[in-house]
$ cat start.pdb   # PDB, C-alpha atoms
ATOM      1  CA  MET A  23    -178.213 -59.470 -34.738  1.00  0.00           C
ATOM      2  CA  ASN A  24    -179.907 -59.785 -38.159  1.00  0.00           C
ATOM      3  CA  LYS A  25    -182.652 -57.375 -37.127  1.00  0.00           C
ATOM      4  CA  GLN A  26    -180.045 -54.859 -36.034  1.00  0.00           C
ATOM      5  CA  ILE A  27    -178.281 -55.114 -39.404  1.00  0.00           C
ATOM      6  CA  LEU A  28    -181.579 -54.702 -41.249  1.00  0.00           C
ATOM      7  CA  LYS A  29    -182.431 -51.641 -39.175  1.00  0.00           C
ATOM      8  CA  LYS A  30    -179.059 -50.072 -39.945  1.00  0.00           C
ATOM      9  CA  ALA A  31    -179.425 -50.903 -43.642  1.00  0.00           C
ATOM     10  CA  GLY A  32    -182.857 -49.299 -43.591  1.00  0.00           C
ATOM     11  CA  ALA A  33    -181.422 -46.183 -41.970  1.00  0.00           C
ATOM     12  CA  VAL A  34    -178.724 -45.987 -44.670  1.00  0.00           C
ATOM     13  CA  LEU A  35    -181.329 -46.334 -47.449  1.00  0.00           C
ATOM     14  CA  LEU A  36    -183.455 -43.641 -45.826  1.00  0.00           C
ATOM     15  CA  ALA A  37    -180.446 -41.312 -45.664  1.00  0.00           C
ATOM     16  CA  ILE A  38    -179.681 -41.958 -49.356  1.00  0.00           C
ATOM     17  CA  ALA A  39    -183.319 -41.276 -50.274  1.00  0.00           C
ATOM     18  CA  LEU A  40    -183.202 -38.001 -48.343  1.00  0.00           C
ATOM     19  CA  TRP A  41    -179.922 -37.092 -50.058  1.00  0.00           C
ATOM     20  CA  HIS A  42    -181.496 -37.793 -53.459  1.00  0.00           C
ATOM     21  CA  ALA A  43    -184.561 -35.704 -52.628  1.00  0.00           C
ATOM     22  CA  VAL A  44    -182.428 -32.730 -51.540  1.00  0.00           C
ATOM     23  CA  SER A  45    -180.281 -33.000 -54.687  1.00  0.00           C
ATOM     24  CA  LEU A  46    -183.455 -32.872 -56.810  1.00  0.00           C
ATOM     25  CA  ILE A  47    -184.652 -29.785 -54.935  1.00  0.00           C
ATOM     26  CA  VAL A  48    -181.261 -28.062 -55.354  1.00  0.00           C
ATOM     27  CA  GLY A  49    -181.181 -29.082 -59.017  1.00  0.00           C
ATOM     28  CA  MET A  50    -177.469 -28.333 -59.525  1.00  0.00           C
ATOM     29  CA  ASP A  51    -174.824 -31.064 -59.470  1.00  0.00           C
ATOM     30  CA  MET A  52    -172.207 -28.393 -58.859  1.00  0.00           C
ATOM     31  CA  LEU A  53    -173.786 -27.696 -55.457  1.00  0.00           C
ATOM     32  CA  LEU A  54    -175.005 -31.183 -54.524  1.00  0.00           C
ATOM     33  CA  ALA A  55    -174.486 -34.199 -56.754  1.00  0.00           C
ATOM     34  CA  SER A  56    -177.114 -36.930 -56.609  1.00  0.00           C
ATOM     35  CA  PRO A  57    -176.309 -40.376 -55.145  1.00  0.00           C
ATOM     36  CA  LEU A  58    -176.408 -41.839 -58.669  1.00  0.00           C
ATOM     37  CA  LYS A  59    -173.835 -39.346 -59.962  1.00  0.00           C
ATOM     38  CA  VAL A  60    -171.584 -40.058 -56.992  1.00  0.00           C
ATOM     39  CA  LEU A  61    -171.964 -43.811 -57.504  1.00  0.00           C
ATOM     40  CA  GLN A  62    -171.040 -43.396 -61.174  1.00  0.00           C
ATOM     41  CA  ARG A  63    -167.976 -41.360 -60.209  1.00  0.00           C
ATOM     42  CA  LEU A  64    -166.976 -44.005 -57.641  1.00  0.00           C
ATOM     43  CA  GLY A  65    -167.082 -46.543 -60.456  1.00  0.00           C
ATOM     44  CA  THR A  66    -164.417 -44.615 -62.379  1.00  0.00           C
ATOM     45  CA  ILE A  67    -162.343 -42.936 -59.683  1.00  0.00           C
ATOM     46  CA  TRP A  68    -160.679 -46.152 -58.496  1.00  0.00           C
ATOM     47  CA  ARG A  69    -159.380 -46.805 -62.026  1.00  0.00           C
ATOM     48  CA  GLU A  70    -157.437 -43.552 -62.154  1.00  0.00           C
ATOM     49  CA  ARG A  71    -153.664 -43.935 -62.281  1.00  0.00           C
ATOM     50  CA  ASP A  72    -152.928 -42.236 -58.965  1.00  0.00           C
ATOM     51  CA  PHE A  73    -155.883 -43.628 -56.982  1.00  0.00           C
ATOM     52  CA  LEU A  74    -154.011 -46.372 -55.131  1.00  0.00           C
ATOM     53  CA  SER A  75    -150.969 -44.216 -54.371  1.00  0.00           C
ATOM     54  CA  THR A  76    -153.239 -41.446 -53.044  1.00  0.00           C
ATOM     55  CA  VAL A  77    -155.132 -43.803 -50.747  1.00  0.00           C
ATOM     56  CA  LEU A  78    -151.939 -45.475 -49.502  1.00  0.00           C
ATOM     57  CA  TYR A  79    -150.267 -42.095 -48.883  1.00  0.00           C
ATOM     58  CA  SER A  80    -153.025 -40.876 -46.560  1.00  0.00           C
ATOM     59  CA  LEU A  81    -153.781 -44.303 -45.084  1.00  0.00           C
ATOM     60  CA  GLY A  82    -150.171 -44.946 -44.131  1.00  0.00           C
ATOM     61  CA  ARG A  83    -149.599 -41.605 -42.428  1.00  0.00           C
ATOM     62  CA  ILE A  84    -152.926 -41.463 -40.616  1.00  0.00           C
ATOM     63  CA  PHE A  85    -152.658 -45.045 -39.390  1.00  0.00           C
ATOM     64  CA  PHE A  86    -149.059 -44.476 -38.270  1.00  0.00           C
ATOM     65  CA  GLY A  87    -150.183 -41.425 -36.292  1.00  0.00           C
ATOM     66  CA  PHE A  88    -152.983 -43.435 -34.698  1.00  0.00           C
ATOM     67  CA  LEU A  89    -150.604 -46.311 -33.897  1.00  0.00           C
ATOM     68  CA  LEU A  90    -148.226 -43.919 -32.138  1.00  0.00           C
ATOM     69  CA  ALA A  91    -151.164 -42.548 -30.132  1.00  0.00           C
ATOM     70  CA  PHE A  92    -152.289 -46.105 -29.312  1.00  0.00           C
ATOM     71  CA  LEU A  93    -148.890 -47.206 -28.032  1.00  0.00           C
ATOM     72  CA  LEU A  94    -148.046 -43.998 -26.164  1.00  0.00           C
ATOM     73  CA  GLY A  95    -151.575 -43.677 -24.770  1.00  0.00           C
ATOM     74  CA  ILE A  96    -151.425 -47.155 -23.241  1.00  0.00           C
ATOM     75  CA  GLY A  97    -147.767 -46.749 -22.280  1.00  0.00           C
ATOM     76  CA  LEU A  98    -148.506 -43.606 -20.252  1.00  0.00           C
ATOM     77  CA  ALA A  99    -151.945 -44.578 -18.926  1.00  0.00           C
ATOM     78  CA  LEU A 100    -150.718 -47.786 -17.273  1.00  0.00           C
ATOM     79  CA  PRO A 101    -148.129 -46.101 -15.014  1.00  0.00           C
ATOM     80  CA  ALA A 102    -150.379 -43.035 -14.559  1.00  0.00           C
ATOM     81  CA  GLY A 103    -153.100 -45.338 -13.271  1.00  0.00           C
ATOM     82  CA  ARG A 104    -150.690 -46.655 -10.675  1.00  0.00           C
ATOM     83  CA  PHE A 105    -148.878 -43.446  -9.761  1.00  0.00           C
ATOM     84  CA  ARG A 106    -151.161 -40.499  -9.042  1.00  0.00           C
ATOM     85  CA  THR A 107    -148.255 -38.043  -9.290  1.00  0.00           C
ATOM     86  CA  LEU A 108    -147.581 -39.025 -12.904  1.00  0.00           C
ATOM     87  CA  GLU A 109    -151.258 -38.608 -13.773  1.00  0.00           C
ATOM     88  CA  ILE A 110    -151.212 -35.090 -12.315  1.00  0.00           C
ATOM     89  CA  LEU A 111    -148.015 -34.229 -14.212  1.00  0.00           C
ATOM     90  CA  LEU A 112    -149.564 -35.405 -17.504  1.00  0.00           C
ATOM     91  CA  TRP A 113    -152.911 -33.697 -16.871  1.00  0.00           C
ATOM     92  CA  PRO A 114    -152.068 -30.222 -18.299  1.00  0.00           C
ATOM     93  CA  TYR A 115    -150.707 -31.710 -21.531  1.00  0.00           C
ATOM     94  CA  VAL A 116    -153.724 -33.962 -22.056  1.00  0.00           C
ATOM     95  CA  VAL A 117    -156.182 -31.145 -21.310  1.00  0.00           C
ATOM     96  CA  THR A 118    -154.334 -28.794 -23.666  1.00  0.00           C
ATOM     97  CA  ILE A 119    -154.365 -31.293 -26.528  1.00  0.00           C
ATOM     98  CA  LYS A 120    -158.080 -31.944 -25.951  1.00  0.00           C
ATOM     99  CA  SER A 121    -158.996 -28.249 -25.742  1.00  0.00           C
ATOM    100  CA  VAL A 122    -156.907 -26.480 -28.395  1.00  0.00           C
ATOM    101  CA  PRO A 123    -158.687 -26.284 -31.797  1.00  0.00           C
ATOM    102  CA  ILE A 124    -157.210 -28.680 -34.311  1.00  0.00           C
ATOM    103  CA  ALA A 125    -156.827 -25.799 -36.788  1.00  0.00           C
ATOM    104  CA  SER A 126    -154.340 -24.141 -34.404  1.00  0.00           C
ATOM    105  CA  PHE A 127    -152.215 -27.293 -34.296  1.00  0.00           C
ATOM    106  CA  ILE A 128    -152.352 -27.586 -38.092  1.00  0.00           C
ATOM    107  CA  ILE A 129    -151.113 -24.017 -38.538  1.00  0.00           C
ATOM    108  CA  LEU A 130    -148.291 -24.643 -36.056  1.00  0.00           C
ATOM    109  CA  CYS A 131    -147.408 -27.842 -37.895  1.00  0.00           C
ATOM    110  CA  LEU A 132    -147.080 -25.883 -41.138  1.00  0.00           C
ATOM    111  CA  ILE A 133    -144.251 -24.028 -39.397  1.00  0.00           C
ATOM    112  CA  TRP A 134    -142.683 -26.904 -37.466  1.00  0.00           C
ATOM    113  CA  PHE A 135    -142.864 -29.949 -39.759  1.00  0.00           C
ATOM    114  CA  THR A 136    -142.637 -31.061 -43.358  1.00  0.00           C
ATOM    115  CA  TYR A 137    -145.954 -31.769 -45.036  1.00  0.00           C
ATOM    116  CA  SER A 138    -145.531 -35.548 -44.838  1.00  0.00           C
ATOM    117  CA  GLN A 139    -144.826 -35.344 -41.088  1.00  0.00           C
ATOM    118  CA  MET A 140    -147.772 -33.034 -40.443  1.00  0.00           C
ATOM    119  CA  THR A 141    -150.436 -35.654 -41.181  1.00  0.00           C
ATOM    120  CA  VAL A 142    -148.809 -38.144 -38.804  1.00  0.00           C
ATOM    121  CA  PHE A 143    -148.501 -35.588 -36.005  1.00  0.00           C
ATOM    122  CA  ILE A 144    -152.074 -34.301 -36.309  1.00  0.00           C
ATOM    123  CA  ALA A 145    -153.525 -37.839 -36.389  1.00  0.00           C
ATOM    124  CA  PHE A 146    -151.436 -38.651 -33.315  1.00  0.00           C
ATOM    125  CA  LEU A 147    -152.549 -35.520 -31.431  1.00  0.00           C
ATOM    126  CA  ILE A 148    -156.253 -36.076 -31.974  1.00  0.00           C
ATOM    127  CA  ALA A 149    -156.149 -39.801 -31.112  1.00  0.00           C
ATOM    128  CA  PHE A 150    -153.812 -39.728 -28.111  1.00  0.00           C
ATOM    129  CA  PRO A 151    -156.146 -38.130 -25.497  1.00  0.00           C
ATOM    130  CA  VAL A 152    -158.945 -40.542 -26.437  1.00  0.00           C
ATOM    131  CA  ILE A 153    -156.761 -43.607 -25.931  1.00  0.00           C
ATOM    132  CA  TYR A 154    -155.072 -42.276 -22.799  1.00  0.00           C
ATOM    133  CA  THR A 155    -158.202 -41.140 -20.954  1.00  0.00           C
ATOM    134  CA  ASN A 156    -160.164 -44.301 -21.766  1.00  0.00           C
ATOM    135  CA  VAL A 157    -157.389 -46.655 -20.686  1.00  0.00           C
ATOM    136  CA  LEU A 158    -156.954 -44.613 -17.513  1.00  0.00           C
ATOM    137  CA  GLN A 159    -160.677 -44.868 -16.853  1.00  0.00           C
ATOM    138  CA  GLY A 160    -160.507 -48.621 -17.426  1.00  0.00           C
ATOM    139  CA  ILE A 161    -157.737 -48.920 -14.860  1.00  0.00           C
ATOM    140  CA  ARG A 162    -159.721 -46.863 -12.355  1.00  0.00           C
ATOM    141  CA  SER A 163    -162.783 -49.083 -12.884  1.00  0.00           C
ATOM    142  CA  THR A 164    -160.941 -52.342 -12.106  1.00  0.00           C
ATOM    143  CA  ASP A 165    -162.678 -54.213  -9.304  1.00  0.00           C
ATOM    144  CA  PRO A 166    -160.761 -53.465  -6.047  1.00  0.00           C
ATOM    145  CA  GLN A 167    -161.525 -56.970  -4.792  1.00  0.00           C
ATOM    146  CA  LEU A 168    -159.705 -58.451  -7.781  1.00  0.00           C
ATOM    147  CA  LEU A 169    -156.694 -56.260  -7.031  1.00  0.00           C
ATOM    148  CA  GLU A 170    -156.751 -57.354  -3.394  1.00  0.00           C
ATOM    149  CA  MET A 171    -156.985 -60.996  -4.435  1.00  0.00           C
ATOM    150  CA  ALA A 172    -154.068 -60.540  -6.851  1.00  0.00           C
ATOM    151  CA  GLN A 173    -152.032 -58.989  -4.063  1.00  0.00           C
ATOM    152  CA  LEU A 174    -152.999 -61.777  -1.665  1.00  0.00           C
ATOM    153  CA  PHE A 175    -151.886 -64.491  -4.093  1.00  0.00           C
ATOM    154  CA  ARG A 176    -148.852 -62.449  -5.158  1.00  0.00           C
ATOM    155  CA  VAL A 177    -149.929 -62.122  -8.773  1.00  0.00           C
ATOM    156  CA  ARG A 178    -147.648 -59.435 -10.187  1.00  0.00           C
ATOM    157  CA  GLY A 179    -146.153 -57.994 -13.349  1.00  0.00           C
ATOM    158  CA  ILE A 180    -147.375 -59.276 -16.708  1.00  0.00           C
ATOM    159  CA  ARG A 181    -149.704 -61.869 -15.167  1.00  0.00           C
ATOM    160  CA  LYS A 182    -151.463 -59.190 -13.120  1.00  0.00           C
ATOM    161  CA  LEU A 183    -151.795 -56.985 -16.206  1.00  0.00           C
ATOM    162  CA  PHE A 184    -153.256 -59.725 -18.428  1.00  0.00           C
ATOM    163  CA  TYR A 185    -155.485 -61.539 -15.944  1.00  0.00           C
ATOM    164  CA  VAL A 186    -156.609 -58.770 -13.589  1.00  0.00           C
ATOM    165  CA  GLN A 187    -156.362 -55.366 -15.254  1.00  0.00           C
ATOM    166  CA  LEU A 188    -156.831 -56.027 -18.973  1.00  0.00           C
ATOM    167  CA  PRO A 189    -160.310 -57.614 -18.673  1.00  0.00           C
ATOM    168  CA  GLY A 190    -161.498 -54.324 -17.193  1.00  0.00           C
ATOM    169  CA  ILE A 191    -159.505 -52.165 -19.603  1.00  0.00           C
ATOM    170  CA  MET A 192    -160.440 -53.943 -22.869  1.00  0.00           C
ATOM    171  CA  PRO A 193    -164.026 -52.582 -23.207  1.00  0.00           C
ATOM    172  CA  PHE A 194    -162.698 -49.046 -22.713  1.00  0.00           C
ATOM    173  CA  LEU A 195    -159.774 -49.629 -25.076  1.00  0.00           C
ATOM    174  CA  THR A 196    -161.830 -51.091 -27.926  1.00  0.00           C
ATOM    175  CA  SER A 197    -164.371 -48.279 -27.599  1.00  0.00           C
ATOM    176  CA  ALA A 198    -161.561 -45.719 -27.589  1.00  0.00           C
ATOM    177  CA  CYS A 199    -159.997 -47.223 -30.716  1.00  0.00           C
ATOM    178  CA  GLY A 200    -163.314 -46.992 -32.564  1.00  0.00           C
ATOM    179  CA  VAL A 201    -163.598 -43.294 -31.750  1.00  0.00           C
ATOM    180  CA  ALA A 202    -159.896 -42.471 -32.154  1.00  0.00           C
ATOM    181  CA  ILE A 203    -159.529 -43.997 -35.630  1.00  0.00           C
ATOM    182  CA  GLY A 204    -162.471 -41.983 -36.955  1.00  0.00           C
ATOM    183  CA  MET A 205    -161.138 -38.796 -35.354  1.00  0.00           C
ATOM    184  CA  ALA A 206    -157.639 -39.458 -36.688  1.00  0.00           C
ATOM    185  CA  TRP A 207    -159.030 -39.707 -40.212  1.00  0.00           C
ATOM    186  CA  LYS A 208    -161.005 -36.474 -39.860  1.00  0.00           C
ATOM    187  CA  ALA A 209    -158.074 -34.546 -38.407  1.00  0.00           C
ATOM    188  CA  GLY A 210    -155.488 -36.078 -40.731  1.00  0.00           C
ATOM    189  CA  VAL A 211    -157.451 -35.304 -43.891  1.00  0.00           C
ATOM    190  CA  ALA A 212    -158.203 -31.793 -42.573  1.00  0.00           C
ATOM    191  CA  ALA A 213    -154.447 -31.251 -42.215  1.00  0.00           C
ATOM    192  CA  GLU A 214    -153.942 -32.468 -45.781  1.00  0.00           C
ATOM    193  CA  VAL A 215    -156.602 -30.086 -47.082  1.00  0.00           C
ATOM    194  CA  ILE A 216    -155.240 -27.045 -45.248  1.00  0.00           C
ATOM    195  CA  GLY A 217    -151.651 -27.907 -46.154  1.00  0.00           C
ATOM    196  CA  VAL A 218    -152.652 -28.925 -49.715  1.00  0.00           C
ATOM    197  CA  ILE A 219    -150.325 -31.920 -49.400  1.00  0.00           C
ATOM    198  CA  ASN A 220    -149.486 -33.328 -52.827  1.00  0.00           C
ATOM    199  CA  GLY A 221    -150.495 -36.922 -53.466  1.00  0.00           C
ATOM    200  CA  SER A 222    -152.954 -37.071 -50.556  1.00  0.00           C
ATOM    201  CA  ILE A 223    -156.706 -37.520 -50.271  1.00  0.00           C
ATOM    202  CA  GLY A 224    -156.813 -34.022 -48.789  1.00  0.00           C
ATOM    203  CA  GLN A 225    -155.408 -32.622 -52.026  1.00  0.00           C
ATOM    204  CA  LYS A 226    -158.139 -34.423 -53.976  1.00  0.00           C
ATOM    205  CA  LEU A 227    -160.771 -32.792 -51.751  1.00  0.00           C
ATOM    206  CA  TYR A 228    -159.121 -29.390 -52.186  1.00  0.00           C
ATOM    207  CA  ASP A 229    -159.009 -29.759 -55.982  1.00  0.00           C
ATOM    208  CA  ALA A 230    -162.666 -30.824 -56.032  1.00  0.00           C
ATOM    209  CA  LYS A 231    -163.560 -27.665 -54.099  1.00  0.00           C
ATOM    210  CA  VAL A 232    -161.512 -25.393 -56.369  1.00  0.00           C
ATOM    211  CA  TYR A 233    -163.003 -26.816 -59.571  1.00  0.00           C
ATOM    212  CA  PHE A 234    -166.552 -27.217 -58.158  1.00  0.00           C
ATOM    213  CA  GLN A 235    -166.496 -30.985 -58.739  1.00  0.00           C
ATOM    214  CA  ASN A 236    -169.111 -31.941 -56.176  1.00  0.00           C
ATOM    215  CA  ALA A 237    -169.314 -35.558 -57.336  1.00  0.00           C
ATOM    216  CA  ASP A 238    -165.559 -35.934 -56.770  1.00  0.00           C
ATOM    217  CA  LEU A 239    -165.816 -34.264 -53.365  1.00  0.00           C
ATOM    218  CA  LEU A 240    -168.577 -36.609 -52.207  1.00  0.00           C
ATOM    219  CA  SER A 241    -166.890 -39.661 -53.770  1.00  0.00           C
ATOM    220  CA  TRP A 242    -163.652 -39.054 -51.885  1.00  0.00           C
ATOM    221  CA  THR A 243    -165.652 -38.359 -48.735  1.00  0.00           C
ATOM    222  CA  LEU A 244    -167.340 -41.760 -49.056  1.00  0.00           C
ATOM    223  CA  ILE A 245    -163.947 -43.384 -49.620  1.00  0.00           C
ATOM    224  CA  ILE A 246    -162.692 -41.775 -46.396  1.00  0.00           C
ATOM    225  CA  ILE A 247    -165.744 -43.097 -44.517  1.00  0.00           C
ATOM    226  CA  LEU A 248    -165.204 -46.613 -45.877  1.00  0.00           C
ATOM    227  CA  LEU A 249    -161.508 -46.580 -45.003  1.00  0.00           C
ATOM    228  CA  SER A 250    -162.240 -45.263 -41.515  1.00  0.00           C
ATOM    229  CA  VAL A 251    -164.997 -47.791 -40.755  1.00  0.00           C
ATOM    230  CA  ALA A 252    -163.048 -50.719 -42.235  1.00  0.00           C
ATOM    231  CA  GLY A 253    -159.906 -49.700 -40.346  1.00  0.00           C
ATOM    232  CA  GLU A 254    -161.834 -49.424 -37.094  1.00  0.00           C
ATOM    233  CA  LYS A 255    -163.467 -52.842 -37.440  1.00  0.00           C
ATOM    234  CA  LEU A 256    -160.262 -54.610 -38.512  1.00  0.00           C
ATOM    235  CA  PHE A 257    -158.126 -53.044 -35.792  1.00  0.00           C
ATOM    236  CA  VAL A 258    -160.632 -53.852 -33.027  1.00  0.00           C
ATOM    237  CA  LEU A 259    -160.962 -57.444 -34.275  1.00  0.00           C
ATOM    238  CA  LEU A 260    -157.173 -57.800 -34.352  1.00  0.00           C
ATOM    239  CA  LEU A 261    -156.880 -56.310 -30.875  1.00  0.00           C
ATOM    240  CA  ARG A 262    -159.443 -58.721 -29.431  1.00  0.00           C
ATOM    241  CA  ALA A 263    -157.825 -61.693 -31.187  1.00  0.00           C
ATOM    242  CA  LEU A 264    -154.373 -60.802 -29.837  1.00  0.00           C
ATOM    243  CA  TYR A 265    -155.801 -60.355 -26.343  1.00  0.00           C
ATOM    244  CA  LYS A 266    -157.567 -63.750 -26.403  1.00  0.00           C
ATOM    245  CA  ARG A 267    -154.407 -65.431 -27.695  1.00  0.00           C
ATOM    246  CA  ALA A 268    -152.257 -63.800 -25.001  1.00  0.00           C
ATOM    247  CA  VAL A 269    -154.670 -64.764 -22.215  1.00  0.00           C
ATOM    248  CA  ALA A 270    -154.981 -68.348 -23.508  1.00  0.00           C
ATOM    249  CA  ARG A 271    -151.238 -68.929 -23.046  1.00  0.00           C
TER     250      ARG A 271
END

$ encode --input "start.pdb" --output "structure tokens"
Amino acid sequence: MNKQILKKAGAVLLAIALWHAVSLIVGMDMLLASPLKVLQRLGTIWRERDFLSTVLYSLGRIFFGFLLAFLLGIGLALPAGRFRTLEILLWPYVVTIKSVPIASFIILCLIWFTYSQMTVFIAFLIAFPVIYTNVLQGIRSTDPQLLEMAQLFRVRGIRKLFYVQLPGIMPFLTSACGVAIGMAWKAGVAAEVIGVINGSIGQKLYDAKVYFQNADLLSWTLIIILLSVAGEKLFVLLLRALYKRAVAR
């Protein structure tokens, strides 16, 4: 475990060194700010008056969109895994959401929704197929012998879900959450940038682009990465803890 962490830390340091080398070659902070300049900007950006409200605005809407996708994805995948007809009926919608460019959905959302609703909807759209398809795959991969044994001993309902199906679904679900949270952040912030939503992280990125503030652009990008990674780790840990507690009862 420690060796793995050291290897990852080494990879991060190598990436920063490469970034620094490229910034020296470019020689213009307006085009590519150095890691030191970005670090200095990070040291001041969090003290700005609207920093916390900006982070909470985007965080709340993106996480709410992901949570809707999480609940609906599981809620539809469980019956779809049992009833083949339902899976077939849902198939065109899932394929459409997966295939249509996110920019098309964002443009439609500019017509359909208010700006505050748009971020939630886009985060939901991008995360839903990931959750749904992975949970469905987890259901399909459940050991048939376990299902037969559950049927033999008349294990049904919630007990069957927790003790027979969930152990097979959990690896797929936790993996899906890791991917879906990152994708929700990317899509949600993209919607904020295109919609120039006031008070959002997307607006900060847009302003940085307009005024050629590359250090601000990269600083906010790093903040997005940190929020995404931290959110992923915390949510997966919470999910596993709730599952262990439910099974232990």

$ atom_distance --input "start.pdb" --atom1 "CA of Gln62 (chain A)" --atom2 "CA of Asp238 (chain A)"
10.3 Å

$ resolve_selection --input "start.pdb" --expression "the PyMOL selection byres ((chain A and resi 25-39) around 12)" --output "list in words"
Met23, Asn24, Leu40, Trp41, His42, Ala43, Val44, Ser45, Leu46, Ala55, Ser56, Pro57, Leu58, Val60 and Leu61 of chain A

$ resolve_selection --input "start.pdb" --expression "the PyMOL selection byres ((chain A and resi 214) around 10)" --output "PyMOL selection string"
chain A and resi 80+128+137-138+140-141+144+209-213+215-228

$ resolve_selection --input "start.pdb" --expression "the PyMOL selection byres ((chain A and resi 235) around 12)" --output "list of chain:residue names"
A:Met50, A:Asp51, A:Met52, A:Leu53, A:Leu54, A:Ala55, A:Lys59, A:Val60, A:Arg63, A:Lys226, A:Leu227, A:Tyr228, A:Asp229, A:Ala230, A:Lys231, A:Val232, A:Tyr233, A:Phe234, A:Asn236, A:Ala237, A:Asp238, A:Leu239, A:Leu240, A:Ser241, A:Trp242

$ atom_distance --input "start.pdb" --atom1 "CA of Ala206 (chain A)" --atom2 "CA of Leu111 (chain A)"
25.0 Å

$ atom_distance --input "start.pdb" --atom1 "CA of Ala102 (chain A)" --atom2 "CA of Gly87 (chain A)"
21.8 Å

$ closest_residue --input "start.pdb" --among "A:Gly253, A:Gly103, A:Pro193, A:Pro114" --to "Leu81 (chain A)" --atoms "all atoms listed in the file"
A:Gly253

$ closest_residue --input "start.pdb" --among "A:Leu98, A:Val152, A:Ile246, A:Val122" --to "Ser197 (chain A)" --atoms "only C-alpha atoms"
A:Val152

$ closest_residue --input "start.pdb" --among "A:Ala202, A:Ile47, A:Leu188, A:Ile161" --to "Ser250 (chain A)" --atoms "all atoms listed in the file"
A:Ala202

$ residues_around --input "start.pdb" --residues "Asn156 (chain A)" --least-positions-apart "3" --cutoff "8 Å" --atoms "all atoms listed in the file" --output "MDAnalysis selection string"
chainID A and resid 152:153 159:160 194:195 198

$ residues_around --input "start.pdb" --residues "Tyr265 (chain A)" --least-positions-apart "6" --cutoff "10 Å" --atoms "all atoms listed in the file" --output "VMD selection string"
chain A and resid 184 188 to 189 192 259

$ residues_around --input "start.pdb" --residues "Glu109 (chain A)" --least-positions-apart "6" --cutoff "12 Å" --atoms "only C-alpha atoms" --output "VMD selection string"
chain A and resid 98 to 103 115 to 117 154 to 155 158 to 159 162

$ write_last_selection --input "start.pdb" --atoms "C-alpha atoms" --output "PDB file, in the frame of the given file"
ATOM      1  CA  LEU A  98    -148.506 -43.606 -20.252  1.00  0.00           C
ATOM      2  CA  ALA A  99    -151.945 -44.578 -18.926  1.00  0.00           C
ATOM      3  CA  LEU A 100    -150.718 -47.786 -17.273  1.00  0.00           C
ATOM      4  CA  PRO A 101    -148.129 -46.101 -15.014  1.00  0.00           C
ATOM      5  CA  ALA A 102    -150.379 -43.035 -14.559  1.00  0.00           C
ATOM      6  CA  GLY A 103    -153.100 -45.338 -13.271  1.00  0.00           C
ATOM      7  CA  TYR A 115    -150.707 -31.710 -21.531  1.00  0.00           C
ATOM      8  CA  VAL A 116    -153.724 -33.962 -22.056  1.00  0.00           C
ATOM      9  CA  VAL A 117    -156.182 -31.145 -21.310  1.00  0.00           C
ATOM     10  CA  TYR A 154    -155.072 -42.276 -22.799  1.00  0.00           C
ATOM     11  CA  THR A 155    -158.202 -41.140 -20.954  1.00  0.00           C
ATOM     12  CA  LEU A 158    -156.954 -44.613 -17.513  1.00  0.00           C
ATOM     13  CA  GLN A 159    -160.677 -44.868 -16.853  1.00  0.00           C
ATOM     14  CA  ARG A 162    -159.721 -46.863 -12.355  1.00  0.00           C
TER      15      ARG A 162
END
